[in-house]
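Below is final.tsv, holding TSV, N, CA and C atoms.
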```tsv
chain	number	residue	atom	x	y	z
A	1	MET	N	11.28	-34.77	43.94
A	1	MET	CA	12.67	-35.08	43.74
A	1	MET	C	13.25	-35.78	44.96
A	2	LEU	N	12.82	-35.32	46.14
A	2	LEU	CA	13.30	-35.94	47.37
A	2	LEU	C	12.86	-37.39	47.45
A	3	MET	N	11.65	-37.65	47.01
A	3	MET	CA	11.13	-39.02	47.03
A	3	MET	C	11.95	-39.95	46.14
A	4	VAL	N	12.38	-39.47	44.99
A	4	VAL	CA	13.21	-40.26	44.07
A	4	VAL	C	14.54	-40.57	44.73
A	5	GLY	N	15.11	-39.59	45.42
A	5	GLY	CA	16.38	-39.80	46.12
A	5	GLY	C	16.24	-40.83	47.23
A	6	VAL	N	15.18	-40.74	48.01
A	6	VAL	CA	14.94	-41.69	49.10
A	6	VAL	C	14.74	-43.10	48.54
A	7	MET	N	13.99	-43.21	47.45
A	7	MET	CA	13.78	-44.53	46.84
A	7	MET	C	15.10	-45.09	46.29
A	8	GLY	N	15.94	-44.24	45.70
A	8	GLY	CA	17.23	-44.69	45.19
A	8	GLY	C	18.12	-45.21	46.30
A	9	VAL	N	18.18	-44.48	47.41
A	9	VAL	CA	18.99	-44.92	48.56
A	9	VAL	C	18.44	-46.22	49.13
A	10	THR	N	17.13	-46.32	49.21
A	10	THR	CA	16.51	-47.55	49.72
A	10	THR	C	16.85	-48.74	48.83
A	11	LEU	N	16.77	-48.57	47.52
A	11	LEU	CA	17.11	-49.64	46.58
A	11	LEU	C	18.59	-50.01	46.68
A	12	LEU	N	19.43	-49.00	46.85
A	12	LEU	CA	20.87	-49.25	46.98
A	12	LEU	C	21.16	-50.09	48.23
A	13	PHE	N	20.58	-49.70	49.35
A	13	PHE	CA	20.79	-50.47	50.59
A	13	PHE	C	20.20	-51.87	50.48
A	14	GLY	N	19.08	-51.99	49.81
A	14	GLY	CA	18.48	-53.33	49.60
A	14	GLY	C	19.38	-54.21	48.75
A	15	GLY	N	19.95	-53.65	47.69
A	15	GLY	CA	20.87	-54.41	46.85
A	15	GLY	C	22.11	-54.82	47.59
A	16	VAL	N	22.68	-53.91	48.37
A	16	VAL	CA	23.87	-54.25	49.17
A	16	VAL	C	23.52	-55.34	50.18
A	17	GLY	N	22.34	-55.23	50.76
A	17	GLY	CA	21.90	-56.26	51.73
A	17	GLY	C	21.80	-57.63	51.10
A	18	VAL	N	21.29	-57.70	49.88
A	18	VAL	CA	21.16	-58.98	49.18
A	18	VAL	C	22.54	-59.58	48.90
A	19	VAL	N	23.47	-58.75	48.46
A	19	VAL	CA	24.83	-59.25	48.16
A	19	VAL	C	25.52	-59.71	49.43
A	20	VAL	N	25.46	-58.91	50.49
A	20	VAL	CA	26.09	-59.29	51.75
A	20	VAL	C	25.47	-60.58	52.29
A	21	THR	N	24.17	-60.69	52.22
A	21	THR	CA	23.49	-61.90	52.68
A	21	THR	C	23.92	-63.10	51.87
A	22	SER	N	24.09	-62.94	50.57
A	22	SER	CA	24.53	-64.03	49.72
A	22	SER	C	25.91	-64.54	50.13
A	23	TYR	N	26.82	-63.63	50.42
A	23	TYR	CA	28.16	-64.04	50.86
A	23	TYR	C	28.12	-64.68	52.25
A	24	LEU	N	27.31	-64.14	53.16
A	24	LEU	CA	27.22	-64.73	54.50
A	24	LEU	C	26.63	-66.13	54.47
A	25	VAL	N	25.58	-66.31	53.69
A	25	VAL	CA	24.96	-67.64	53.57
A	25	VAL	C	25.96	-68.61	52.94
A	26	GLY	N	26.65	-68.17	51.91
A	26	GLY	CA	27.66	-69.02	51.28
A	26	GLY	C	28.77	-69.40	52.23
A	27	TYR	N	29.22	-68.44	53.04
A	27	TYR	CA	30.29	-68.72	54.00
A	27	TYR	C	29.85	-69.74	55.04
A	28	HIS	N	28.68	-69.57	55.61
A	28	HIS	CA	28.21	-70.50	56.63
A	28	HIS	C	27.96	-71.89	56.03
A	29	ARG	N	27.44	-71.91	54.84
A	29	ARG	CA	27.19	-73.20	54.17
A	29	ARG	C	28.49	-73.93	53.89
A	30	VAL	N	29.50	-73.21	53.40
A	30	VAL	CA	30.76	-73.86	53.06
A	30	VAL	C	31.52	-74.29	54.31
A	31	ARG	N	31.41	-73.55	55.42
A	31	ARG	CA	32.06	-73.96	56.67
A	31	ARG	C	31.45	-75.26	57.19
A	32	ALA	N	30.13	-75.33	57.20
A	32	ALA	CA	29.47	-76.55	57.67
A	32	ALA	C	29.80	-77.73	56.76
A	33	ALA	N	29.79	-77.51	55.46
A	33	ALA	CA	30.10	-78.59	54.52
A	33	ALA	C	31.55	-79.04	54.66
A	34	ALA	N	32.47	-78.11	54.88
A	34	ALA	CA	33.88	-78.48	55.05
A	34	ALA	C	34.05	-79.39	56.26
A	35	ASP	N	33.38	-79.07	57.35
A	35	ASP	CA	33.47	-79.93	58.54
A	35	ASP	C	32.91	-81.32	58.26
A	36	LEU	N	31.77	-81.39	57.59
A	36	LEU	CA	31.17	-82.69	57.28
A	36	LEU	C	32.05	-83.51	56.33
A	37	VAL	N	32.62	-82.85	55.34
A	37	VAL	CA	33.47	-83.54	54.37
A	37	VAL	C	34.73	-84.07	55.05
A	38	ALA	N	35.34	-83.26	55.93
A	38	ALA	CA	36.54	-83.71	56.65
A	38	ALA	C	36.23	-84.88	57.57
A	39	LEU	N	35.11	-84.80	58.28
A	39	LEU	CA	34.73	-85.91	59.16
A	39	LEU	C	34.46	-87.19	58.37
A	40	SER	N	33.82	-87.05	57.24
A	40	SER	CA	33.53	-88.20	56.39
A	40	SER	C	34.84	-88.84	55.90
A	41	GLY	N	35.76	-88.00	55.44
A	41	GLY	CA	37.05	-88.50	54.97
A	41	GLY	C	37.85	-89.16	56.09
A	42	ALA	N	37.82	-88.56	57.28
A	42	ALA	CA	38.56	-89.12	58.41
A	42	ALA	C	37.97	-90.46	58.85
A	43	THR	N	36.66	-90.57	58.82
A	43	THR	CA	36.02	-91.85	59.18
A	43	THR	C	36.43	-92.93	58.20
A	44	ALA	N	36.42	-92.61	56.93
A	44	ALA	CA	36.82	-93.59	55.91
A	44	ALA	C	38.29	-93.96	56.08
A	45	TYR	N	39.15	-92.98	56.32
A	45	TYR	CA	40.58	-93.24	56.47
A	45	TYR	C	40.84	-94.13	57.69
A	46	GLY	N	40.11	-93.89	58.76
A	46	GLY	CA	40.25	-94.71	59.97
A	46	GLY	C	39.81	-96.15	59.77
A	47	GLN	N	38.98	-96.39	58.76
A	47	GLN	CA	38.52	-97.75	58.46
A	47	GLN	C	39.33	-98.39	57.34
A	48	GLY	N	40.44	-97.73	56.95
A	48	GLY	CA	41.32	-98.28	55.93
A	48	GLY	C	40.92	-97.97	54.50
A	49	GLU	N	39.95	-97.09	54.31
A	49	GLU	CA	39.50	-96.73	52.97
A	49	GLU	C	40.19	-95.44	52.51
A	50	ASP	N	40.00	-95.08	51.27
A	50	ASP	CA	40.58	-93.86	50.72
A	50	ASP	C	39.80	-92.65	51.22
A	51	ALA	N	40.46	-91.79	51.98
A	51	ALA	CA	39.79	-90.62	52.57
A	51	ALA	C	39.29	-89.66	51.50
A	52	CYS	N	40.07	-89.47	50.45
A	52	CYS	CA	39.72	-88.46	49.44
A	52	CYS	C	38.56	-88.91	48.56
A	53	VAL	N	38.45	-90.20	48.32
A	53	VAL	CA	37.30	-90.70	47.55
A	53	VAL	C	36.01	-90.44	48.34
A	54	GLN	N	36.05	-90.74	49.64
A	54	GLN	CA	34.87	-90.51	50.48
A	54	GLN	C	34.60	-89.02	50.64
A	55	ALA	N	35.66	-88.23	50.76
A	55	ALA	CA	35.48	-86.78	50.89
A	55	ALA	C	34.83	-86.21	49.63
A	56	ARG	N	35.26	-86.68	48.47
A	56	ARG	CA	34.66	-86.20	47.21
A	56	ARG	C	33.18	-86.59	47.15
A	57	ARG	N	32.87	-87.81	47.57
A	57	ARG	CA	31.47	-88.27	47.58
A	57	ARG	C	30.64	-87.39	48.53
A	58	SER	N	31.18	-87.12	49.69
A	58	SER	CA	30.47	-86.30	50.66
A	58	SER	C	30.31	-84.86	50.18
A	59	ALA	N	31.33	-84.34	49.52
A	59	ALA	CA	31.25	-82.97	48.96
A	59	ALA	C	30.15	-82.89	47.91
A	60	THR	N	30.07	-83.90	47.06
A	60	THR	CA	29.03	-83.93	46.03
A	60	THR	C	27.65	-83.96	46.68
A	61	GLN	N	27.49	-84.77	47.72
A	61	GLN	CA	26.20	-84.85	48.40
A	61	GLN	C	25.83	-83.54	49.09
A	62	ASN	N	26.84	-82.77	49.50
A	62	ASN	CA	26.59	-81.48	50.16
A	62	ASN	C	26.59	-80.31	49.18
A	63	ARG	N	26.69	-80.62	47.88
A	63	ARG	CA	26.66	-79.61	46.81
A	63	ARG	C	27.74	-78.54	46.96
A	64	VAL	N	28.97	-79.01	47.27
A	64	VAL	CA	30.15	-78.15	47.29
A	64	VAL	C	31.22	-78.81	46.43
A	65	SER	N	32.22	-78.03	46.04
A	65	SER	CA	33.32	-78.57	45.25
A	65	SER	C	34.50	-78.89	46.17
A	66	LEU	N	35.04	-80.08	46.04
A	66	LEU	CA	36.24	-80.45	46.80
A	66	LEU	C	37.44	-79.90	46.05
A	67	VAL	N	38.13	-78.95	46.65
A	67	VAL	CA	39.27	-78.29	46.03
A	67	VAL	C	40.56	-79.03	46.37
A	68	GLY	N	40.66	-79.55	47.59
A	68	GLY	CA	41.85	-80.26	48.01
A	68	GLY	C	41.55	-81.25	49.11
A	69	CYS	N	42.36	-82.31	49.17
A	69	CYS	CA	42.20	-83.33	50.20
A	69	CYS	C	43.58	-83.90	50.50
A	70	THR	N	43.97	-83.87	51.78
A	70	THR	CA	45.29	-84.36	52.16
A	70	THR	C	45.19	-85.18	53.44
A	71	PRO	N	45.30	-86.50	53.33
A	71	PRO	CA	45.40	-87.31	54.54
A	71	PRO	C	46.88	-87.44	54.94
A	72	VAL	N	47.18	-87.26	56.21
A	72	VAL	CA	48.55	-87.36	56.72
A	72	VAL	C	48.54	-88.25	57.95
A	73	GLY	N	49.45	-89.24	57.98
A	73	GLY	CA	49.58	-90.11	59.14
A	73	GLY	C	49.26	-91.55	58.81
A	74	ASP	N	49.19	-92.36	59.87
A	74	ASP	CA	48.85	-93.77	59.70
A	74	ASP	C	47.42	-94.02	60.20
A	75	LEU	N	47.03	-95.28	60.30
A	75	LEU	CA	45.63	-95.58	60.65
A	75	LEU	C	45.26	-95.21	62.09
A	76	THR	N	46.24	-95.05	62.97
A	76	THR	CA	45.92	-94.74	64.37
A	76	THR	C	46.12	-93.28	64.72
A	77	ASP	N	47.00	-92.61	64.01
A	77	ASP	CA	47.27	-91.20	64.30
A	77	ASP	C	47.34	-90.45	62.97
A	78	PHE	N	46.27	-89.77	62.62
A	78	PHE	CA	46.19	-89.13	61.31
A	78	PHE	C	45.34	-87.87	61.37
A	79	VAL	N	45.46	-87.07	60.33
A	79	VAL	CA	44.62	-85.89	60.13
A	79	VAL	C	44.27	-85.83	58.66
A	80	VAL	N	43.01	-85.61	58.38
A	80	VAL	CA	42.55	-85.41	57.00
A	80	VAL	C	42.18	-83.93	56.88
A	81	THR	N	42.82	-83.26	55.94
A	81	THR	CA	42.56	-81.84	55.69
A	81	THR	C	41.87	-81.71	54.34
A	82	VAL	N	40.75	-80.99	54.32
A	82	VAL	CA	40.02	-80.78	53.07
A	82	VAL	C	39.80	-79.28	52.85
A	83	GLN	N	39.77	-78.91	51.58
A	83	GLN	CA	39.38	-77.56	51.18
A	83	GLN	C	38.20	-77.70	50.23
A	84	VAL	N	37.15	-76.94	50.51
A	84	VAL	CA	35.96	-76.98	49.68
A	84	VAL	C	35.57	-75.56	49.30
A	85	SER	N	34.78	-75.44	48.24
A	85	SER	CA	34.28	-74.13	47.84
A	85	SER	C	32.84	-74.26	47.34
A	86	VAL	N	32.16	-73.12	47.36
A	86	VAL	CA	30.77	-73.07	46.90
A	86	VAL	C	30.60	-71.76	46.13
A	87	PRO	N	29.86	-71.78	45.01
A	87	PRO	CA	29.65	-70.54	44.26
A	87	PRO	C	28.69	-69.61	44.99
A	88	ILE	N	28.91	-68.33	44.81
A	88	ILE	CA	28.03	-67.31	45.38
A	88	ILE	C	26.79	-67.17	44.48
A	89	GLN	N	25.63	-67.06	45.09
A	89	GLN	CA	24.38	-66.99	44.33
A	89	GLN	C	24.20	-65.65	43.62
A	90	VAL	N	24.69	-64.56	44.21
A	90	VAL	CA	24.54	-63.23	43.62
A	90	VAL	C	25.92	-62.59	43.51
A	91	PRO	N	26.74	-63.03	42.55
A	91	PRO	CA	28.09	-62.46	42.45
A	91	PRO	C	28.07	-61.07	41.80
A	92	LEU	N	29.03	-60.28	42.17
A	92	LEU	CA	29.19	-58.95	41.57
A	92	LEU	C	30.56	-58.87	40.92
A	93	PRO	N	30.70	-58.11	39.85
A	93	PRO	CA	32.01	-57.94	39.24
A	93	PRO	C	33.00	-57.35	40.25
A	94	GLY	N	34.19	-57.90	40.26
A	94	GLY	CA	35.22	-57.42	41.18
A	94	GLY	C	35.23	-58.13	42.52
A	95	LEU	N	34.19	-58.88	42.83
A	95	LEU	CA	34.14	-59.66	44.07
A	95	LEU	C	34.31	-61.14	43.74
A	96	PRO	N	34.78	-61.94	44.70
A	96	PRO	CA	34.97	-63.37	44.42
A	96	PRO	C	33.66	-64.04	44.03
A	97	ARG	N	33.76	-65.00	43.14
A	97	ARG	CA	32.57	-65.74	42.69
A	97	ARG	C	32.35	-67.00	43.53
A	98	THR	N	33.33	-67.37	44.35
A	98	THR	CA	33.20	-68.53	45.22
A	98	THR	C	33.67	-68.17	46.63
A	99	VAL	N	33.20	-68.95	47.59
A	99	VAL	CA	33.65	-68.84	48.97
A	99	VAL	C	34.21	-70.20	49.35
A	100	GLY	N	35.37	-70.21	49.98
A	100	GLY	CA	36.00	-71.48	50.33
A	100	GLY	C	36.25	-71.60	51.83
A	101	ALA	N	36.49	-72.84	52.24
A	101	ALA	CA	36.80	-73.13	53.64
A	101	ALA	C	37.67	-74.36	53.72
A	102	GLU	N	38.41	-74.45	54.81
A	102	GLU	CA	39.28	-75.60	55.06
A	102	GLU	C	38.90	-76.18	56.41
A	103	SER	N	38.98	-77.50	56.52
A	103	SER	CA	38.67	-78.16	57.77
A	103	SER	C	39.59	-79.36	57.95
A	104	HIS	N	39.82	-79.69	59.21
A	104	HIS	CA	40.69	-80.81	59.58
A	104	HIS	C	39.90	-81.78	60.47
A	105	ALA	N	40.16	-83.07	60.31
A	105	ALA	CA	39.51	-84.06	61.15
A	105	ALA	C	40.47	-85.23	61.36
A	106	GLY	N	40.34	-85.87	62.49
A	106	GLY	CA	41.17	-87.03	62.81
A	106	GLY	C	40.51	-87.84	63.90
A	107	PRO	N	41.22	-88.83	64.42
A	107	PRO	CA	40.63	-89.71	65.43
A	107	PRO	C	40.48	-88.98	66.77
A	108	VAL	N	39.50	-89.40	67.55
A	108	VAL	CA	39.27	-88.86	68.89
A	108	VAL	C	40.16	-89.64	69.84
A	109	ARG	N	40.84	-88.90	70.69
A	109	ARG	CA	41.72	-89.57	71.67
A	109	ARG	C	41.13	-89.49	73.04
```
structure tokens encoding of this file:
Amino acid sequence: MLMVGVMGVTLLFGGVGVVVTSYLVGYHRVRAAADLVALSGATAYGQGEDACVQARRSATQNRVSLVGCTPVGDLTDFVVTVQVSVPIQVPLPGLPRTVGAESHAGPVR
């Protein structure tokens, strides 16, 4: 009986570990993708192109969803803000099914 209890606790901790790891991997992936998408949009905006079109293209290439894109300013002084999300690989009922991040990029002074 003790062995069954130990195995149950071990399986429980293993399952929790898998879920926590899934959320951590999703969070790190979405943070990195948000930075890349914002930089891509800011580069395009600085060259006179549509920042959000380039941000959407970059988000697709990074396998994340572009939730929002806001360029503010003119060609010399601007900030492009993007929000992206990524689905969690092992979602549980009651927990979020996506992880999101926001990033800002603009010209280097």
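Between Val64 (chain A) and the candidates A:Thr98, A:Thr76, A:Ser85, A:Gln47, the tightest atom-to-atom separation, counting only N, CA and C atoms, involves A:Ser85.
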| request: Looking only at helix (DSSP H, G or I) from DSSP on the backbone, list the matching residues of region 8-92 of chain A as a PyMOL selection string. | output: chain A and resi 8-46+51-61
| said: I'd like the interatomic distance between CA of Ala44 (chain A) and CA of Val25 (chain A), to a tenth of an Å. | reply: 28.6 Å
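Of the residues listed (A:Leu66, A:Leu92, A:Val53, A:Ala105), A:Ala105 shows the shortest atom-to-atom separation from Phe78 (chain A); distances use all atoms listed in the file.
One distance worth recording is that between CA of Tyr45 (chain A) and atom N of Arg31 (chain A), which is 21.7 Å.
Residue nearest His104 (chain A), chosen from A:Ala38, A:Asp50, A:Gln89, A:Thr60 and counting only N, CA and C atoms: A:Ala38.
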| Interatomic distance, atom N of Ser40 (chain A) to atom C of Asn62 (chain A) (Å, one decimal) | 12.8 Å
| field | Nearest to Pro71 (chain A) by atom-to-atom distance, counting only N, CA and C atoms, from A:Ser22, A:Cys52, A:Glu102, A:Val37 | value | A:Cys52
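With only C-alpha atoms as the basis for measurement, A:Ala42 is the residue among A:Ala101, A:Val19, A:Val90, A:Ala42 that approaches Thr70 (chain A) most closely.
Within chain A, residues classed as strand (DSSP E) by DSSP on backbone coordinates are Ser65, Leu66, Val67, Gly68, Cys69, Thr70, Pro71, Val72, Gly73, Phe78, Val79, Val80, Thr81, Val82, Gln83, Val84, Ser85, Val86, Pro87, Thr98, Val99, Gly100, Ala101, Glu102, Ser103, His104 and Ala105 of chain A.
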